[in-house]
Amino acid sequence: MERIGFIGLGLMGLPLCRRLQAAGFPLTVWNRSADKLEQARTEGMQTTTSLVELAASSDILMLCIADGAAVQSVATQLTPALRTGQLIIDLSSIDPDTTRRCAELVRQQGASWVDAPVSGGVKGAEQGTLVVMAGGSAADIQRASLPLQALSQRITRMGEVGSGQVTKICNQLIVAANAMLIAEAVALAENNGVDASLLAPALAGGFADSLPLQILAPRMAARQAEPVQWKVATLLKDLDNAGQLSKNSQSATPLAALASQLMRLHAARGHATADLSSVIQLYQEQEQAAC
């Protein structure tokens, strides 16, 4: 069984490491902040504070970190220690151009890159039910599929390196617009005397049903924003990537642009690190301002 080096122990990273550990993979983890490393250590995971040491002791390196700048920084630090035959699997959600630059950087050292962003949120990470949209050669994705199977219900090769990130951007357009519509629906129901906590079960199985509806509508109705499952800032970062990709490819994405504007307003009001369900407050604030 190949040795896994895992980089990034955030909301998604730590539960993914737990699944890899449970599946029996030889696992060593690294994180920028010491407190997350200590948590992993208390759970019996092997840890390191050195990316160079992590690269030296791993056959496959898996990344699950915040944004393109962080991924590029880590890739740059790893590159001198990489060797021929190593595989990097990037689970982060970043822009395709950065992905392709990082892939070329590690390729020069004889290593390979698979961009494998995921969808399914924290619950999907905990339960191993994520869906993976992968970009890379067929051979590399086949190799990556063994550890990815411990984390997901489905892995789909979307094309060459970068195509996984393009697919994730498409996913996030739908999630972001859906989240705003769910908030509008909850507010509309409440303003017309309907118990919004009944929306999700009432619409289950119908054309309006979705995982975001089943997760977000009850939380919005209850004004429940803890524990954090999706950070507003994270989805806003994905929408920024979508806007840039749309501009570069001359694709029209007006609904995504509107969702981005509304989410940016919500973030600017102090909710950037809050759960996505907190966007319901945006509609409350608008109603109060109209009074």
# chains A, B, ... in the order shown; residues from 1 in each chain; ligands from 1

$ select_by_dssp --residues "range 88-232 of chain A" --states "alpha helix (DSSP H)" --output "ChimeraX atom specification"
/A:96-107,121-127,138-149,163-191,199-203,211-221,232

$ residues_around --residues "range 259-263 of chain A" --least-positions-apart "6" --cutoff "7 Å" --atoms "only C-alpha atoms" --output "list in words"
Ala176, Ala177, Met180, Leu236 and Leu239 of chain A

$ write_last_selection --atoms "N, CA and C atoms" --output "tab-separated table (two decimals), in the first residue's frame"
chain	number	residue	atom	x	y	z
A	176	ALA	N	-23.79	28.05	-5.27
A	176	ALA	CA	-23.91	29.43	-4.82
A	176	ALA	C	-25.27	30.02	-5.17
A	177	ALA	N	-25.68	29.86	-6.42
A	177	ALA	CA	-26.98	30.39	-6.83
A	177	ALA	C	-28.10	29.70	-6.07
A	180	MET	N	-28.47	31.07	-2.44
A	180	MET	CA	-29.18	32.34	-2.39
A	180	MET	C	-30.67	32.16	-2.62
A	236	LEU	N	-17.11	32.22	-1.78
A	236	LEU	CA	-16.83	33.48	-2.47
A	236	LEU	C	-15.55	33.37	-3.29
A	239	LEU	N	-16.40	31.55	-6.37
A	239	LEU	CA	-17.13	32.41	-7.31
A	239	LEU	C	-16.19	33.38	-8.01

$ residues_around --residues "range 30-42 of chain A" --least-positions-apart "3" --cutoff "6 Å" --atoms "only C-alpha atoms" --output "list of chain:residue names"
A:Ile7, A:Gly8, A:Leu9, A:Met45, A:Thr48

$ write_last_selection --atoms "N, CA and C atoms" --output "compact mmCIF listing (two decimals), in the first residue's frame"
# COMPACT_ATOMS: atom_id res chain seq x y z
N ILE A 7 -1.52 17.08 3.28
CA ILE A 7 -1.22 18.48 3.59
C ILE A 7 -2.52 19.26 3.72
N GLY A 8 -2.79 19.75 4.93
CA GLY A 8 -3.98 20.56 5.17
C GLY A 8 -5.00 19.87 6.04
N LEU A 9 -5.19 20.34 7.26
CA LEU A 9 -6.08 19.70 8.23
C LEU A 9 -7.23 20.62 8.62
N MET A 45 -2.28 9.85 14.50
CA MET A 45 -1.67 10.06 13.19
C MET A 45 -0.22 10.47 13.35
N THR A 48 4.37 15.66 10.88
CA THR A 48 5.67 16.27 10.62
C THR A 48 5.49 17.77 10.47

$ select_by_dssp --residues "range 22-150 of chain A" --states "strand (DSSP E)" --output "ChimeraX atom specification"
/A:27-30,46-47,60-63,87-90,112-115,118-119,130-135

$ closest_atom_pairs --of "range 144-228 of chain A" --to "range 117-126 of chain A" --cutoff "9 Å" --atoms "only C-alpha atoms" --output "Markdown table"
| residue | atom | partner | partner_atom | distance |
| --- | --- | --- | --- | --- |
| A:Leu151 | CA | A:Ala125 | CA | 6.5 |
| A:Ser152 | CA | A:Ala125 | CA | 7.8 |
| A:Gly164 | CA | A:Pro117 | CA | 6.4 |
| A:Gln165 | CA | A:Pro117 | CA | 6.4 |
| A:Thr167 | CA | A:Pro117 | CA | 8.6 |
| A:Lys168 | CA | A:Pro117 | CA | 6.4 |
| A:Asn171 | CA | A:Ser119 | CA | 7.9 |
| A:Gln172 | CA | A:Ser119 | CA | 8.9 |
| A:Leu211 | CA | A:Gly120 | CA | 8.5 |
| A:Val228 | CA | A:Val122 | CA | 8.9 |

$ closest_residue --among "A:Asn248, A:Gln72, A:Gln229, A:Thr234" --to "Ala267 in chain A" --atoms "only C-alpha atoms"
A:Thr234

$ residues_around --residues "Ala23 in chain A" --least-positions-apart "2" --cutoff "10 Å" --atoms "only C-alpha atoms" --output "list in words"
Cys17, Arg18, Arg19, Leu20, Gln21, Phe25, Pro26, Pro147, Gln149, Ala150 and Leu151 of chain A

$ write_last_selection --atoms "N, CA and C atoms" --output "PDB file, in the first residue's frame"
ATOM      1  N   CYS A  17      -8.433  12.666   6.498  1.00  0.00           N
ATOM      2  CA  CYS A  17      -7.310  11.903   7.068  1.00  0.00           C
ATOM      3  C   CYS A  17      -7.809  10.775   7.961  1.00  0.00           C
ATOM      4  N   ARG A  18      -8.882  11.025   8.686  1.00  0.00           N
ATOM      5  CA  ARG A  18      -9.447   9.956   9.519  1.00  0.00           C
ATOM      6  C   ARG A  18      -9.881   8.773   8.666  1.00  0.00           C
ATOM      7  N   ARG A  19     -10.441   9.061   7.495  1.00  0.00           N
ATOM      8  CA  ARG A  19     -10.895   7.978   6.620  1.00  0.00           C
ATOM      9  C   ARG A  19      -9.697   7.231   6.033  1.00  0.00           C
ATOM     10  N   LEU A  20      -8.665   7.952   5.640  1.00  0.00           N
ATOM     11  CA  LEU A  20      -7.463   7.290   5.126  1.00  0.00           C
ATOM     12  C   LEU A  20      -6.817   6.429   6.208  1.00  0.00           C
ATOM     13  N   GLN A  21      -6.795   6.943   7.425  1.00  0.00           N
ATOM     14  CA  GLN A  21      -6.240   6.196   8.550  1.00  0.00           C
ATOM     15  C   GLN A  21      -7.050   4.922   8.796  1.00  0.00           C
ATOM     16  N   PHE A  25      -4.119   3.119   5.265  1.00  0.00           N
ATOM     17  CA  PHE A  25      -3.000   3.702   4.523  1.00  0.00           C
ATOM     18  C   PHE A  25      -1.919   4.188   5.481  1.00  0.00           C
ATOM     19  N   PRO A  26      -0.646   3.925   5.185  1.00  0.00           N
ATOM     20  CA  PRO A  26       0.443   4.558   5.946  1.00  0.00           C
ATOM     21  C   PRO A  26       0.344   6.072   5.728  1.00  0.00           C
ATOM     22  N   PRO A 147      -6.577   5.598  -3.054  1.00  0.00           N
ATOM     23  CA  PRO A 147      -6.863   6.396  -1.851  1.00  0.00           C
ATOM     24  C   PRO A 147      -8.155   7.198  -1.977  1.00  0.00           C
ATOM     25  N   GLN A 149     -10.908   6.331  -3.324  1.00  0.00           N
ATOM     26  CA  GLN A 149     -12.064   5.483  -3.053  1.00  0.00           C
ATOM     27  C   GLN A 149     -12.401   5.431  -1.570  1.00  0.00           C
ATOM     28  N   ALA A 150     -11.405   5.650  -0.726  1.00  0.00           N
ATOM     29  CA  ALA A 150     -11.661   5.668   0.721  1.00  0.00           C
ATOM     30  C   ALA A 150     -12.405   6.935   1.139  1.00  0.00           C
ATOM     31  N   LEU A 151     -12.452   7.916   0.249  1.00  0.00           N
ATOM     32  CA  LEU A 151     -13.026   9.216   0.581  1.00  0.00           C
ATOM     33  C   LEU A 151     -14.331   9.510  -0.145  1.00  0.00           C
TER      34      LEU A 151
END

$ atom_distance --atom1 "CA of Glu184 in chain A" --atom2 "CA of Val166 in chain A"
27.7 Å

$ residues_around --residues "Glu226 in chain A" --least-positions-apart "5" --cutoff "12 Å" --atoms "only C-alpha atoms" --output "PyMOL selection string"
chain A and resi 216+219-220+231+273-278

$ closest_residue --among "A:Thr49, A:Asn178, A:Gln214, A:Ser73" --to "Leu255 in chain A" --atoms "only C-alpha atoms"
A:Asn178

$ closest_residue --among "A:Ala272, A:Ile141, A:Ala217, A:Asp238" --to "Ala204 in chain A" --atoms "only C-alpha atoms"
A:Ala217
